[in-house]
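Dropping start-v4.txt in here (compact mmCIF, C-alpha atoms and all ligand atoms):
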```
# COMPACT_ATOMS: atom_id res chain seq x y z
CA MET K 206 -31.40 77.21 65.03
CA ASP K 207 -32.74 76.33 61.58
CA HIS K 208 -30.00 74.83 59.45
CA LEU K 209 -29.60 75.05 55.71
CA THR K 210 -31.48 72.27 53.91
CA LEU K 211 -29.74 70.08 51.34
CA ALA K 212 -32.03 71.38 48.60
CA LYS K 213 -31.20 75.00 49.44
CA ALA K 214 -27.45 74.24 49.56
CA GLN K 215 -27.66 72.56 46.14
CA ALA K 216 -29.60 75.49 44.71
CA ILE K 217 -26.99 77.96 45.99
CA GLU K 218 -24.20 75.84 44.55
CA GLN K 219 -25.93 75.64 41.19
CA GLU K 220 -26.43 79.38 41.03
CA TYR K 221 -23.24 80.78 42.56
CA ILE K 222 -20.38 78.28 42.97
CA PHE K 223 -18.06 77.02 40.26
CA THR K 224 -19.30 73.49 39.64
CA LEU K 225 -15.93 72.02 40.61
CA TYR K 226 -17.22 69.77 43.38
CA THR K 227 -20.76 69.00 42.21
CA GLN K 228 -19.91 65.43 41.20
CA ILE K 229 -18.13 64.51 44.43
CA ARG K 230 -20.14 66.29 47.10
CA GLN K 231 -21.95 63.87 49.38
CA PRO K 232 -25.65 64.71 49.79
CA ILE K 233 -25.52 65.94 53.39
CA VAL K 234 -25.06 69.34 55.01
CA VAL K 235 -22.52 68.88 57.80
CA VAL K 236 -23.05 71.29 60.67
CA ARG K 237 -20.98 70.03 63.59
CA GLY K 238 -17.99 67.84 64.37
CA GLN K 239 -16.26 66.42 67.42
CA GLY K 240 -13.35 63.99 67.32
CA ALA K 241 -14.07 61.27 64.77
CA LEU K 242 -17.76 62.21 64.53
CA VAL K 243 -19.76 64.73 62.52
CA TRP K 244 -23.47 65.53 62.46
CA ASP K 245 -25.68 66.68 59.61
CA ALA K 246 -28.39 69.35 59.67
CA GLN K 247 -30.98 66.76 60.78
CA GLY K 248 -28.84 65.71 63.75
CA LYS K 249 -27.79 62.39 62.20
CA GLU K 250 -24.36 61.19 63.38
CA TYR K 251 -21.61 59.97 61.05
CA LEU K 252 -18.32 58.27 61.84
CA ASP K 253 -15.76 60.17 59.79
CA LEU K 254 -13.09 57.85 58.39
CA VAL K 255 -11.84 60.50 55.98
CA SER K 256 -10.69 63.21 58.44
CA GLY K 257 -12.98 65.87 57.04
CA GLY K 258 -12.84 64.36 53.55
CA ARG K 259 -9.20 64.85 52.62
CA ALA K 260 -7.05 63.76 55.55
CA VAL K 261 -7.08 67.14 57.29
CA THR K 262 -8.53 66.66 60.76
CA GLY K 263 -5.91 64.23 62.02
CA VAL K 264 -6.46 65.39 65.61
CA GLY K 265 -10.20 65.00 65.10
CA HIS K 266 -12.83 67.65 64.53
CA CYS K 267 -12.81 70.65 66.86
CA HIS K 268 -10.18 69.25 69.22
CA PRO K 269 -10.84 71.19 72.45
CA ARG K 270 -7.22 72.36 72.74
CA VAL K 271 -7.20 73.59 69.14
CA VAL K 272 -10.56 75.30 69.62
CA GLU K 273 -9.31 76.96 72.79
CA ALA K 274 -6.13 78.17 71.05
CA ILE K 275 -8.11 79.58 68.11
CA GLN K 276 -10.62 81.31 70.39
CA ARG K 277 -7.90 82.81 72.56
CA GLN K 278 -5.85 83.96 69.58
CA ALA K 279 -8.93 85.36 67.79
CA GLY K 280 -9.57 87.54 70.81
CA GLU K 281 -5.98 88.82 70.88
CA LEU K 282 -4.68 89.17 67.32
CA ILE K 283 -6.03 87.50 64.20
CA HIS K 284 -3.67 88.92 61.63
CA MET K 285 -0.40 90.74 61.28
CA THR K 286 1.63 90.05 58.20
CA ASN K 287 5.32 89.17 58.00
CA ASP K 288 6.30 92.83 58.14
CA PHE K 289 6.16 92.23 61.92
CA TYR K 290 7.07 89.59 64.48
CA THR K 291 4.20 87.66 66.03
CA GLU K 292 4.40 85.18 68.89
CA PRO K 293 2.49 82.16 67.48
CA GLN K 294 4.58 82.16 64.29
CA MET K 295 7.84 82.17 66.24
CA GLU K 296 6.65 79.34 68.46
CA LEU K 297 5.44 77.30 65.49
CA ALA K 298 8.68 77.80 63.54
CA ARG K 299 10.71 76.68 66.53
CA MET K 300 8.55 73.61 67.05
CA LEU K 301 8.56 72.56 63.37
CA GLY K 302 12.26 73.29 62.97
CA GLY K 303 13.02 71.06 65.96
CA LEU K 304 11.40 67.98 64.44
CA SER K 305 14.06 67.08 61.86
CA SER K 306 17.26 68.36 60.30
CA CYS K 307 15.14 70.44 57.91
CA ARG K 308 15.15 73.29 60.38
CA ARG K 309 14.37 76.29 58.18
CA VAL K 310 10.67 76.91 57.73
CA PHE K 311 8.50 78.81 55.25
CA LEU K 312 4.86 79.07 56.32
CA CYS K 313 2.02 79.28 53.81
CA ASN K 314 -1.61 78.27 53.50
CA SER K 315 -1.96 74.98 51.62
CA GLY K 316 -0.18 71.93 50.28
CA ALA K 317 0.08 73.30 46.76
CA GLU K 318 1.67 76.49 48.05
CA ALA K 319 4.15 74.55 50.14
CA ASN K 320 5.12 72.48 47.09
CA GLU K 321 5.32 75.58 44.92
CA ALA K 322 7.78 77.03 47.45
CA ALA K 323 9.80 73.78 47.40
CA ILE K 324 10.00 73.85 43.58
CA LYS K 325 11.18 77.47 43.58
CA LEU K 326 13.71 76.79 46.33
CA ALA K 327 15.18 73.78 44.50
CA ARG K 328 15.55 75.78 41.28
CA LYS K 329 17.18 78.69 43.05
CA TRP K 330 19.54 76.36 44.93
CA ALA K 331 20.61 74.60 41.73
CA LYS K 332 21.13 77.86 39.86
CA LEU K 333 23.35 79.20 42.60
CA LYS K 334 25.27 75.99 43.09
CA HIS K 335 25.44 74.53 39.58
CA GLY K 336 24.55 77.26 37.08
CA PRO K 337 21.49 78.12 34.97
CA LEU K 338 20.98 74.79 33.16
CA LYS K 339 20.24 72.63 36.18
CA PHE K 340 16.51 73.18 36.52
CA GLU K 341 14.74 69.91 35.74
CA ILE K 342 12.53 68.31 38.38
CA ILE K 343 11.66 64.64 38.26
CA THR K 344 8.35 63.52 39.75
CA ALA K 345 6.37 60.28 39.73
CA LEU K 346 3.58 59.13 37.47
CA ASN K 347 0.33 58.96 39.46
CA SER K 348 1.64 61.44 42.01
CA PHE K 349 -0.40 64.35 43.31
CA HIS K 350 1.17 67.65 44.34
CA GLY K 351 -1.60 70.26 44.06
CA ARG K 352 -3.61 72.41 41.68
CA THR K 353 -1.52 75.50 40.96
CA LEU K 354 0.11 75.61 37.53
CA ALA K 355 3.52 74.41 38.75
CA THR K 356 2.02 71.75 41.00
CA ILE K 357 -0.33 70.32 38.34
CA THR K 358 2.77 70.14 36.19
CA ALA K 359 4.59 68.30 38.99
CA THR K 360 1.59 66.02 39.37
CA GLY K 361 2.23 63.03 37.11
CA GLN K 362 -1.38 62.66 35.92
CA PRO K 363 -2.50 64.15 32.57
CA LYS K 364 -6.12 64.44 33.75
CA TYR K 365 -5.14 67.33 36.05
CA GLN K 366 -3.14 69.06 33.31
CA GLN K 367 -5.38 68.85 30.25
CA GLY K 368 -6.88 72.16 29.24
CA PHE K 369 -4.35 74.25 31.15
CA GLU K 370 -1.39 74.01 28.79
CA PRO K 371 1.21 75.34 28.30
CA LEU K 372 2.47 73.78 31.50
CA VAL K 373 5.54 74.91 33.41
CA PRO K 374 8.66 73.71 31.56
CA GLY K 375 11.28 71.50 33.14
CA PHE K 376 9.35 68.57 34.66
CA ARG K 377 9.75 64.89 33.80
CA TYR K 378 7.87 61.85 35.08
CA VAL K 379 9.02 58.38 36.00
CA PRO K 380 7.06 55.34 37.20
CA TYR K 381 6.88 55.18 41.00
CA ASN K 382 8.92 52.50 42.78
CA ASP K 383 10.96 51.83 39.63
CA LEU K 384 14.57 52.55 40.59
CA PRO K 385 16.27 51.60 37.29
CA THR K 386 14.09 54.11 35.40
CA LEU K 387 14.80 56.83 37.95
CA LYS K 388 18.50 56.10 37.57
CA GLU K 389 18.25 56.51 33.80
CA ALA K 390 16.34 59.78 34.21
CA MET K 391 19.03 61.39 36.38
CA ARG K 392 20.69 63.60 33.79
CA THR K 393 23.05 66.42 34.64
CA HIS K 394 20.39 69.10 34.52
CA VAL K 395 18.14 67.46 37.14
CA CYS K 396 17.96 69.77 40.15
CA ALA K 397 15.50 67.76 42.25
CA VAL K 398 13.52 64.59 42.61
CA MET K 399 10.14 65.25 44.19
CA LEU K 400 8.18 62.33 45.61
CA GLU K 401 5.36 61.44 47.96
CA PRO K 402 6.73 58.83 50.42
CA VAL K 403 3.34 57.13 50.02
CA LEU K 404 1.28 57.85 46.91
CA GLY K 405 -1.86 59.09 48.63
CA GLU K 406 -4.45 60.47 46.25
CA SER K 407 -3.97 57.63 43.78
CA GLY K 408 -4.52 54.93 46.38
CA VAL K 409 -2.01 54.38 49.25
CA TYR K 410 1.12 52.95 47.62
CA PRO K 411 4.15 53.30 49.93
CA ALA K 412 7.59 53.73 48.42
CA THR K 413 9.72 50.63 48.84
CA GLN K 414 12.79 50.94 51.06
CA GLU K 415 14.97 50.25 48.05
CA TYR K 416 13.30 52.98 45.99
CA LEU K 417 13.44 55.81 48.50
CA HIS K 418 17.00 54.97 49.58
CA GLY K 419 17.94 54.69 45.91
CA ALA K 420 16.37 58.11 45.21
CA ARG K 421 18.32 59.62 48.13
CA GLU K 422 21.59 58.16 46.84
CA LEU K 423 20.94 59.20 43.23
CA CYS K 424 20.23 62.77 44.35
CA ASP K 425 23.49 62.85 46.30
CA GLN K 426 25.47 61.42 43.38
CA HIS K 427 24.00 63.89 40.87
CA GLY K 428 24.08 67.04 43.00
CA ALA K 429 20.27 67.17 43.13
CA LEU K 430 17.87 67.71 46.03
CA LEU K 431 15.40 65.19 47.36
CA ILE K 432 12.03 66.85 47.99
CA LEU K 433 9.43 64.80 49.85
CA ASP K 434 5.80 65.87 49.68
CA GLU K 435 4.50 65.02 53.16
CA VAL K 436 1.37 67.13 52.72
CA GLN K 437 -0.78 64.07 53.35
CA THR K 438 1.64 61.68 55.04
CA GLY K 439 3.16 64.12 57.53
CA LEU K 440 2.38 64.72 61.19
CA GLY K 441 1.63 61.21 62.35
CA ARG K 442 -0.73 59.90 59.71
CA THR K 443 1.49 56.99 58.68
CA GLY K 444 2.33 55.99 62.25
CA LYS K 445 5.53 58.06 62.38
CA MET K 446 5.74 61.82 62.74
CA PHE K 447 6.96 61.98 59.13
CA ALA K 448 6.71 59.13 56.63
CA PHE K 449 10.42 59.47 55.79
CA GLN K 450 11.17 58.21 59.30
CA HIS K 451 9.97 54.75 58.19
CA TYR K 452 12.97 54.81 55.86
CA ASP K 453 15.58 56.14 58.24
CA LEU K 454 16.61 58.88 55.82
CA GLU K 455 16.00 62.60 55.51
CA PRO K 456 15.05 64.72 52.51
CA ASP K 457 16.67 68.08 51.73
CA ILE K 458 13.25 69.71 51.57
CA PHE K 459 9.82 68.53 52.64
CA THR K 460 6.33 69.96 52.72
CA LEU K 461 3.41 69.78 55.13
CA ALA K 462 -0.17 71.03 55.12
CA LYS K 463 -3.31 68.99 55.65
CA GLY K 464 -2.90 67.81 59.26
CA LEU K 465 -0.90 70.80 60.45
CA GLY K 466 -3.62 73.17 61.62
CA GLY K 467 -6.21 70.84 63.15
CA GLY K 468 -8.55 71.94 60.34
CA VAL K 469 -7.49 75.51 59.58
CA PRO K 470 -5.64 76.21 56.32
CA ILE K 471 -1.89 76.24 56.85
CA GLY K 472 1.09 74.76 55.02
CA ALA K 473 4.82 74.63 55.56
CA MET K 474 7.95 74.05 53.51
CA LEU K 475 11.00 72.95 55.49
CA ALA K 476 14.57 72.78 54.23
CA LYS K 477 18.01 71.78 55.42
CA GLU K 478 20.26 74.76 56.00
CA SER K 479 22.41 73.72 53.02
CA ALA K 480 19.40 74.08 50.69
CA ALA K 481 17.86 77.13 52.34
CA VAL K 482 19.01 79.67 49.75
CA PHE K 483 15.97 81.95 49.59
CA GLU K 484 16.94 85.55 50.10
CA PRO K 485 14.79 88.54 51.05
CA GLY K 486 12.24 89.11 48.28
CA ASP K 487 12.52 85.62 46.72
CA HIS K 488 9.22 84.35 48.06
CA ALA K 489 6.39 85.45 50.36
CA SER K 490 2.80 84.96 51.41
CA THR K 491 0.49 87.60 52.88
CA PHE K 492 -1.27 85.10 55.12
CA GLY K 493 1.66 82.72 55.66
CA GLY K 494 2.21 82.12 59.37
CA THR K 495 -0.51 84.55 60.40
CA PRO K 496 -1.20 84.46 64.16
CA LEU K 497 -4.57 82.70 64.00
CA THR K 498 -3.48 79.70 61.93
CA ALA K 499 -0.05 79.54 63.58
CA ALA K 500 -1.69 79.36 67.03
CA ALA K 501 -3.95 76.55 65.78
CA ALA K 502 -0.90 74.69 64.44
CA VAL K 503 1.04 75.10 67.69
CA ALA K 504 -1.90 73.59 69.59
CA THR K 505 -2.25 70.82 66.99
CA LEU K 506 1.42 69.84 67.24
CA LYS K 507 1.18 69.76 71.03
CA VAL K 508 -1.91 67.55 70.84
CA ILE K 509 -0.19 65.15 68.43
CA GLU K 510 2.87 64.89 70.67
CA GLU K 511 1.28 64.98 74.13
CA GLU K 512 -1.71 62.74 73.41
CA GLY K 513 0.29 59.96 71.76
CA LEU K 514 -1.54 60.29 68.44
CA VAL K 515 1.33 59.01 66.32
CA GLU K 516 1.30 55.76 68.30
CA ASN K 517 -2.49 55.60 68.10
CA ALA K 518 -2.36 56.10 64.33
CA ARG K 519 0.00 53.14 64.09
CA ALA K 520 -2.05 50.92 66.41
CA MET K 521 -5.51 51.82 65.11
CA GLY K 522 -4.34 51.70 61.50
CA ALA K 523 -3.12 48.14 62.05
CA TYR K 524 -6.36 47.31 63.87
CA LEU K 525 -8.46 48.60 60.95
CA VAL K 526 -6.36 46.64 58.45
CA ASP K 527 -6.93 43.49 60.57
CA GLY K 528 -10.64 44.27 60.59
CA LEU K 529 -10.68 44.62 56.81
CA ARG K 530 -8.75 41.36 56.46
CA SER K 531 -11.37 39.61 58.57
CA LEU K 532 -14.05 40.97 56.21
CA GLN K 533 -12.20 39.42 53.28
CA ALA K 534 -13.16 35.97 54.59
CA THR K 535 -16.86 36.69 53.98
CA HIS K 536 -16.60 39.27 51.21
CA SER K 537 -14.57 37.93 48.32
CA VAL K 538 -15.13 41.25 46.52
CA ILE K 539 -12.25 42.63 48.63
CA ALA K 540 -9.34 41.78 46.39
CA GLY K 541 -6.49 43.35 48.33
CA ILE K 542 -5.71 45.56 51.33
CA ARG K 543 -2.86 48.01 51.87
CA GLY K 544 -2.16 50.20 54.82
CA ILE K 545 0.45 52.32 56.53
CA GLY K 546 -0.83 53.85 59.75
CA MET K 547 -4.02 55.77 59.05
CA MET K 548 -3.69 55.52 55.26
CA ILE K 549 -5.56 52.44 54.17
CA ALA K 550 -6.92 51.19 50.85
CA ALA K 551 -8.93 48.17 49.77
CA ASP K 552 -9.09 47.05 46.15
CA LEU K 553 -12.45 45.74 45.00
CA ALA K 554 -12.98 43.01 42.42
CA GLN K 555 -16.15 44.76 41.17
CA PRO K 556 -16.78 48.43 40.29
CA ILE K 557 -19.02 49.10 43.29
CA ALA K 558 -17.02 51.67 45.25
CA GLY K 559 -19.46 54.51 44.53
CA LYS K 560 -22.44 52.42 45.65
CA LEU K 561 -20.58 51.34 48.77
CA ARG K 562 -19.76 54.93 49.69
CA ALA K 563 -23.42 55.91 49.25
CA ASP K 564 -24.62 52.93 51.30
CA CYS K 565 -22.09 53.62 54.07
CA LEU K 566 -23.28 57.23 54.15
CA GLN K 567 -26.83 56.02 54.75
CA ARG K 568 -25.53 53.87 57.60
CA GLY K 569 -23.57 56.75 59.16
CA LEU K 570 -20.04 56.09 57.92
CA LEU K 571 -17.92 58.41 55.75
CA ILE K 572 -15.41 56.71 53.47
CA ASN K 573 -13.42 57.79 50.44
CA ILE K 574 -13.13 56.09 47.05
CA VAL K 575 -10.53 56.09 44.28
CA GLY K 576 -12.11 55.41 40.89
CA ASN K 577 -14.92 52.89 41.25
CA SER K 578 -12.91 49.90 42.42
CA MET K 579 -11.03 51.11 45.47
CA LEU K 580 -11.98 52.20 49.00
CA ARG K 581 -9.68 54.58 50.82
CA LEU K 582 -9.72 55.25 54.56
CA ILE K 583 -7.84 58.23 56.00
CA PRO K 584 -9.27 58.28 59.53
CA PRO K 585 -8.46 60.75 62.27
CA MET K 586 -5.60 59.69 64.54
CA VAL K 587 -7.91 59.98 67.57
CA LEU K 588 -10.04 57.05 66.40
CA THR K 589 -10.90 54.67 69.25
CA ARG K 590 -11.06 50.88 69.12
CA GLU K 591 -14.86 51.02 69.53
CA GLN K 592 -15.15 53.40 66.61
CA ALA K 593 -12.92 51.17 64.49
CA ASP K 594 -15.14 48.18 65.38
CA ARG K 595 -18.21 50.20 64.44
CA ALA K 596 -16.68 51.14 61.10
CA ILE K 597 -15.82 47.54 60.27
CA SER K 598 -19.28 46.37 61.26
CA ILE K 599 -20.94 49.03 59.03
CA LEU K 600 -18.64 48.07 56.15
CA ASP K 601 -19.59 44.42 56.70
CA GLU K 602 -23.33 45.21 56.39
CA SER K 603 -22.77 47.55 53.50
CA LEU K 604 -20.63 45.12 51.50
CA ALA K 605 -23.30 42.43 51.95
CA GLN K 606 -26.06 44.80 50.79
CA VAL K 607 -24.25 46.30 47.82
CA VAL K 608 -22.77 43.05 46.50
CA ALA K 609 -26.17 41.32 46.78
CA ALA K 610 -27.77 44.16 44.78
CA ALA K 611 -25.02 44.31 42.13
N1 LIG Z 1 0.35 67.01 47.99
C1 LIG Z 1 -0.31 65.91 48.35
C2 LIG Z 1 0.46 64.64 48.58
C3 LIG Z 1 -1.70 65.91 48.53
O1 LIG Z 1 -2.35 64.80 48.86
C4 LIG Z 1 -2.40 67.14 48.31
C5 LIG Z 1 -3.87 67.22 48.46
O2 LIG Z 1 -4.59 66.26 48.33
C6 LIG Z 1 -1.65 68.27 47.93
C7 LIG Z 1 -0.29 68.18 47.79
C8 LIG Z 1 -2.34 69.59 47.67
O3 LIG Z 1 -2.72 70.17 48.87
P1 LIG Z 1 -3.76 71.39 48.88
O4 LIG Z 1 -5.06 70.86 48.39
O5 LIG Z 1 -3.79 71.84 50.32
O6 LIG Z 1 -3.20 72.45 47.99
```
In structure tokens, what does this structure look like?
Amino acid sequence: MDHLTLAKAQAIEQEYIFTLYTQIRQPIVVVRGQGALVWDAQGKEYLDLVSGGRAVTGVGHCHPRVVEAIQRQAGELIHMTNDFYTEPQMELARMLGGLSSCRRVFLCNSGAEANEAAIKLARKWAKLKHGPLKFEIITALNSFHGRTLATITATGQPKYQQGFEPLVPGFRYVPYNDLPTLKEAMRTHVCAVMLEPVLGESGVYPATQEYLHGARELCDQHGALLILDEVQTGLGRTGKMFAFQHYDLEPDIFTLAKGLGGGVPIGAMLAKESAAVFEPGDHASTFGGTPLTAAAAVATLKVIEEEGLVENARAMGAYLVDGLRSLQATHSVIAGIRGIGMMIAADLAQPIAGKLRADCLQRGLLINIVGNSMLRLIPPMVLTREQADRAISILDESLAQVVAAA
């Protein structure tokens, strides 16, 4: 079969697609994926250390059990909305609800939608429990919670907000991992604190134990809810099923998306029974929990649990961090390395991240960058030791090449 050429793809984008991704799209047309590998239209193989680009394909590309579940479900029933009961949705809800004390589930289609649902739920809960003035939500500077109007407002980064004002009222930002400032910010009308357990998009910064425990306690003291955005960190990526398990605490509400469907678009908002105050008509989604995506998510959860992927994420994440540390000995441009499971970042002493990403692409390795001085790896949890070795060896060659040319 003749595949689309890069030139044709770029021409179509220029003519028909909003130019939202033009600056960040890598110059390849990806046509196939399997596990940690993808292939372009010319048949060239790439090792994908970004899980499809944005930490989605945690179980790898086209995991056979996910593919089988999608194919089977597509042949039986693709869609029925929530006016009816469907089997995959019930199975998925039971599985998700059994994973923590946040047992009540709302299914949707993306991380932003899951966070939007969490924001609405927290406001409704506070209104019912504490009256109309308790509506403020505190989030962190440099956080990322999505691109809808409420979630860009929750996102503590002006660059995502500029041009779209007026924003949603009732949000305030505090520096991440700064407990005294959070304490000061906890006024009576705060209804929720919403945090990523690990700042993901801005470069893999885990919350300290002191900070997240402090946030939990402050919420309890002030009658506010703790919302954790596990859209990126959830479902094994950090080496625990949920990142909050590293802290031995539980949120009142948390959200999932990226890794939940093995690649298909699905999100979830989960709440403790005490916070689960939505009533009929309060919230909804036409596609939320539709049979096709729910069946994919059921298969994905089974793969994560039955194939030991959480443990592999922990082990391979540590192995990759060791590999990067060994590169530091020969490449002084690596100024620092952070990692928690399969969320890894390396700070660079020179602004060469863009060039490194381009060079790695040439050598068959997909990596992510933050600004021009940080590399970010968000590999699939199915990564093997051989693939990790290959990635480190390509990075070694690439660092040598790019630094020499800089
Ligand atoms: N929350 C976090 C922590 C994320 O990393 C992202 C996406 O990068 C989102 C929310 C938004 O998810 P989506 O793009 O599926 O709306």
Proximity of region 217-269 of chain K to region 426-440 of chain K: per-residue shortest pair, 12 Å limit, only C-alpha atoms, as a Markdown table:
```
| residue | atom | partner | partner_atom | distance |
| --- | --- | --- | --- | --- |
| K:Val255 | CA | K:Gln437 | CA | 11.9 |
| K:Ser256 | CA | K:Gln437 | CA | 11.2 |
| K:Arg259 | CA | K:Gln437 | CA | 8.5 |
| K:Ala260 | CA | K:Gln437 | CA | 6.7 |
| K:Val261 | CA | K:Gln437 | CA | 8.0 |
| K:Thr262 | CA | K:Gln437 | CA | 11.0 |
| K:Gly263 | CA | K:Leu440 | CA | 8.3 |
| K:Val264 | CA | K:Leu440 | CA | 9.9 |
```
Leaving out region 595-608 of chain K and any residue of its chain fewer than 6 positions from it, which residues lie within 10 Å of it when counting all atoms listed in the file, given as a CSV table (one decimal) with C-alpha atoms, keeping the file's coordinate frame?
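See around35.csv below for the written result:
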```
chain,number,residue,atom,x,y,z
K,252,LEU,CA,-18.3,58.3,61.8
K,253,ASP,CA,-15.8,60.2,59.8
K,254,LEU,CA,-13.1,57.8,58.4
K,525,LEU,CA,-8.5,48.6,61.0
K,526,VAL,CA,-6.4,46.6,58.4
K,527,ASP,CA,-6.9,43.5,60.6
K,528,GLY,CA,-10.6,44.3,60.6
K,529,LEU,CA,-10.7,44.6,56.8
K,531,SER,CA,-11.4,39.6,58.6
K,532,LEU,CA,-14.0,41.0,56.2
K,533,GLN,CA,-12.2,39.4,53.3
K,535,THR,CA,-16.9,36.7,54.0
K,536,HIS,CA,-16.6,39.3,51.2
K,537,SER,CA,-14.6,37.9,48.3
K,538,VAL,CA,-15.1,41.2,46.5
K,539,ILE,CA,-12.2,42.6,48.6
K,555,GLN,CA,-16.2,44.8,41.2
K,557,ILE,CA,-19.0,49.1,43.3
K,558,ALA,CA,-17.0,51.7,45.2
K,560,LYS,CA,-22.4,52.4,45.6
K,561,LEU,CA,-20.6,51.3,48.8
K,562,ARG,CA,-19.8,54.9,49.7
K,563,ALA,CA,-23.4,55.9,49.2
K,564,ASP,CA,-24.6,52.9,51.3
K,565,CYS,CA,-22.1,53.6,54.1
K,566,LEU,CA,-23.3,57.2,54.2
K,567,GLN,CA,-26.8,56.0,54.8
K,568,ARG,CA,-25.5,53.9,57.6
K,569,GLY,CA,-23.6,56.8,59.2
K,570,LEU,CA,-20.0,56.1,57.9
K,571,LEU,CA,-17.9,58.4,55.8
K,572,ILE,CA,-15.4,56.7,53.5
K,589,THR,CA,-10.9,54.7,69.2
```
Residues up to 10 Å from ligand LIG 1 (chain Z), counting all atoms listed in the file: could you list those as a ChimeraX atom specification?
/K:258-261,314-321,348-353,356-357,360,400-407,433-439,460-464,470-472
For the atom pair CA of Val310 (chain K) and CA of Ala502 (chain K), what is the interatomic distance in Å to one decimal place?
13.6 Å
Return the single residue from K:Gln215, K:Gln294, K:Ser306, K:Asn577 that is closest to Ser479 (chain K), with distances computed using all atoms listed in the file.
K:Ser306
Any idea what's packed within 10 Å of Ile342 (chain K), counting all atoms listed in the file, ignoring anything in its chain fewer than 4 positions away? Could you give it as a short mmCIF file (atom, residue, chain, number, x, y, z; two decimals) with C-alpha atoms, in the frame of the given file?
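Ended up saving to result05.cif:
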```
data_model
loop_
_atom_site.label_atom_id
_atom_site.label_comp_id
_atom_site.auth_asym_id
_atom_site.auth_seq_id
_atom_site.Cartn_x
_atom_site.Cartn_y
_atom_site.Cartn_z
CA ILE K 324 10.00 73.85 43.58
CA ALA K 327 15.18 73.78 44.50
CA ARG K 328 15.55 75.78 41.28
CA ALA K 359 4.59 68.30 38.99
CA PRO K 374 8.66 73.71 31.56
CA GLY K 375 11.28 71.50 33.14
CA PHE K 376 9.35 68.57 34.66
CA ARG K 377 9.75 64.89 33.80
CA TYR K 378 7.87 61.85 35.08
CA MET K 391 19.03 61.39 36.38
CA HIS K 394 20.39 69.10 34.52
CA VAL K 395 18.14 67.46 37.14
CA CYS K 396 17.96 69.77 40.15
CA ALA K 397 15.50 67.76 42.25
CA VAL K 398 13.52 64.59 42.61
CA MET K 399 10.14 65.25 44.19
CA ALA K 429 20.27 67.17 43.13
CA LEU K 430 17.87 67.71 46.03
CA LEU K 431 15.40 65.19 47.36
CA ILE K 432 12.03 66.85 47.99
#
```
Taking all atoms listed in the file into account, name the residue in K:Ala610, K:Ile545, K:Leu211, K:Leu372 that is nearest to Pro584 (chain K).
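With all atoms listed in the file as the atom set, the closest residue is K:Ile545.
Atom pair CA of Arg442 (chain K) / CA of Gly468 (chain K): separated by 14.4 Å.
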May I ask which of the residues K:Arg543, K:Gly494, K:Gly576, K:Cys307 is the closest one to Leu454 (chain K), counting all atoms listed in the file?
K:Cys307
Please list as a short mmCIF file (atom, residue, chain, number, x, y, z; two decimals) with C-alpha atoms, in the frame of the given file every residue within 12 Å of Glu281 (chain K), counting all atoms listed in the file and excluding residues in the same chain fewer than 5 positions away.
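That gives us result_33.cif:
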```cif
data_model
loop_
_atom_site.label_atom_id
_atom_site.label_comp_id
_atom_site.auth_asym_id
_atom_site.auth_seq_id
_atom_site.Cartn_x
_atom_site.Cartn_y
_atom_site.Cartn_z
CA ALA K 274 -6.13 78.17 71.05
CA ILE K 275 -8.11 79.58 68.11
CA GLN K 276 -10.62 81.31 70.39
CA THR K 291 4.20 87.66 66.03
CA GLU K 292 4.40 85.18 68.89
CA PRO K 293 2.49 82.16 67.48
CA PRO K 496 -1.20 84.46 64.16
CA LEU K 497 -4.57 82.70 64.00
CA ALA K 500 -1.69 79.36 67.03
#
```
Interatomic distance between CA of Leu297 (chain K) and CA of Val503 (chain K)?
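Taking CA of Leu297 (chain K) as the start and CA of Val503 (chain K) as the end point, the length is 5.4 Å.
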Would you mind telling me which residue in K:Tyr416, K:Phe459, K:Phe223, K:Phe369 lies nearest to Ala473 (chain K) when using all atoms listed in the file?
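When distances to Ala473 (chain K) are compared using all atoms listed in the file, the smallest one comes from K:Phe459.
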Determine, counting all atoms listed in the file, which protein, DNA and RNA residues have an atom within 9 Å of an atom of Arg581 (chain K); residues of the same chain fewer than 5 positions away are not included. Present the result as a PyMOL selection string.
chain K and resi 254-255+408-409+548-552+572-575
Find the spatial neighbours of Met206 (chain K), counting only C-alpha atoms, within a cut-off of 12 Å - ignore same-chain residues fewer than 4 positions away - and output them as a PDB file with C-alpha atoms, keeping the file's coordinate frame.
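Heads up, here's the output in result-v4.pdb:
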```pdb
ATOM      1  CA  VAL K 236     -23.050  71.290  60.670  1.00  0.00           C
ATOM      2  CA  ALA K 246     -28.390  69.350  59.670  1.00  0.00           C
ATOM      3  CA  GLN K 247     -30.980  66.760  60.780  1.00  0.00           C
ATOM      4  CA  GLY K 248     -28.840  65.710  63.750  1.00  0.00           C
TER       5      GLY K 248
END
```
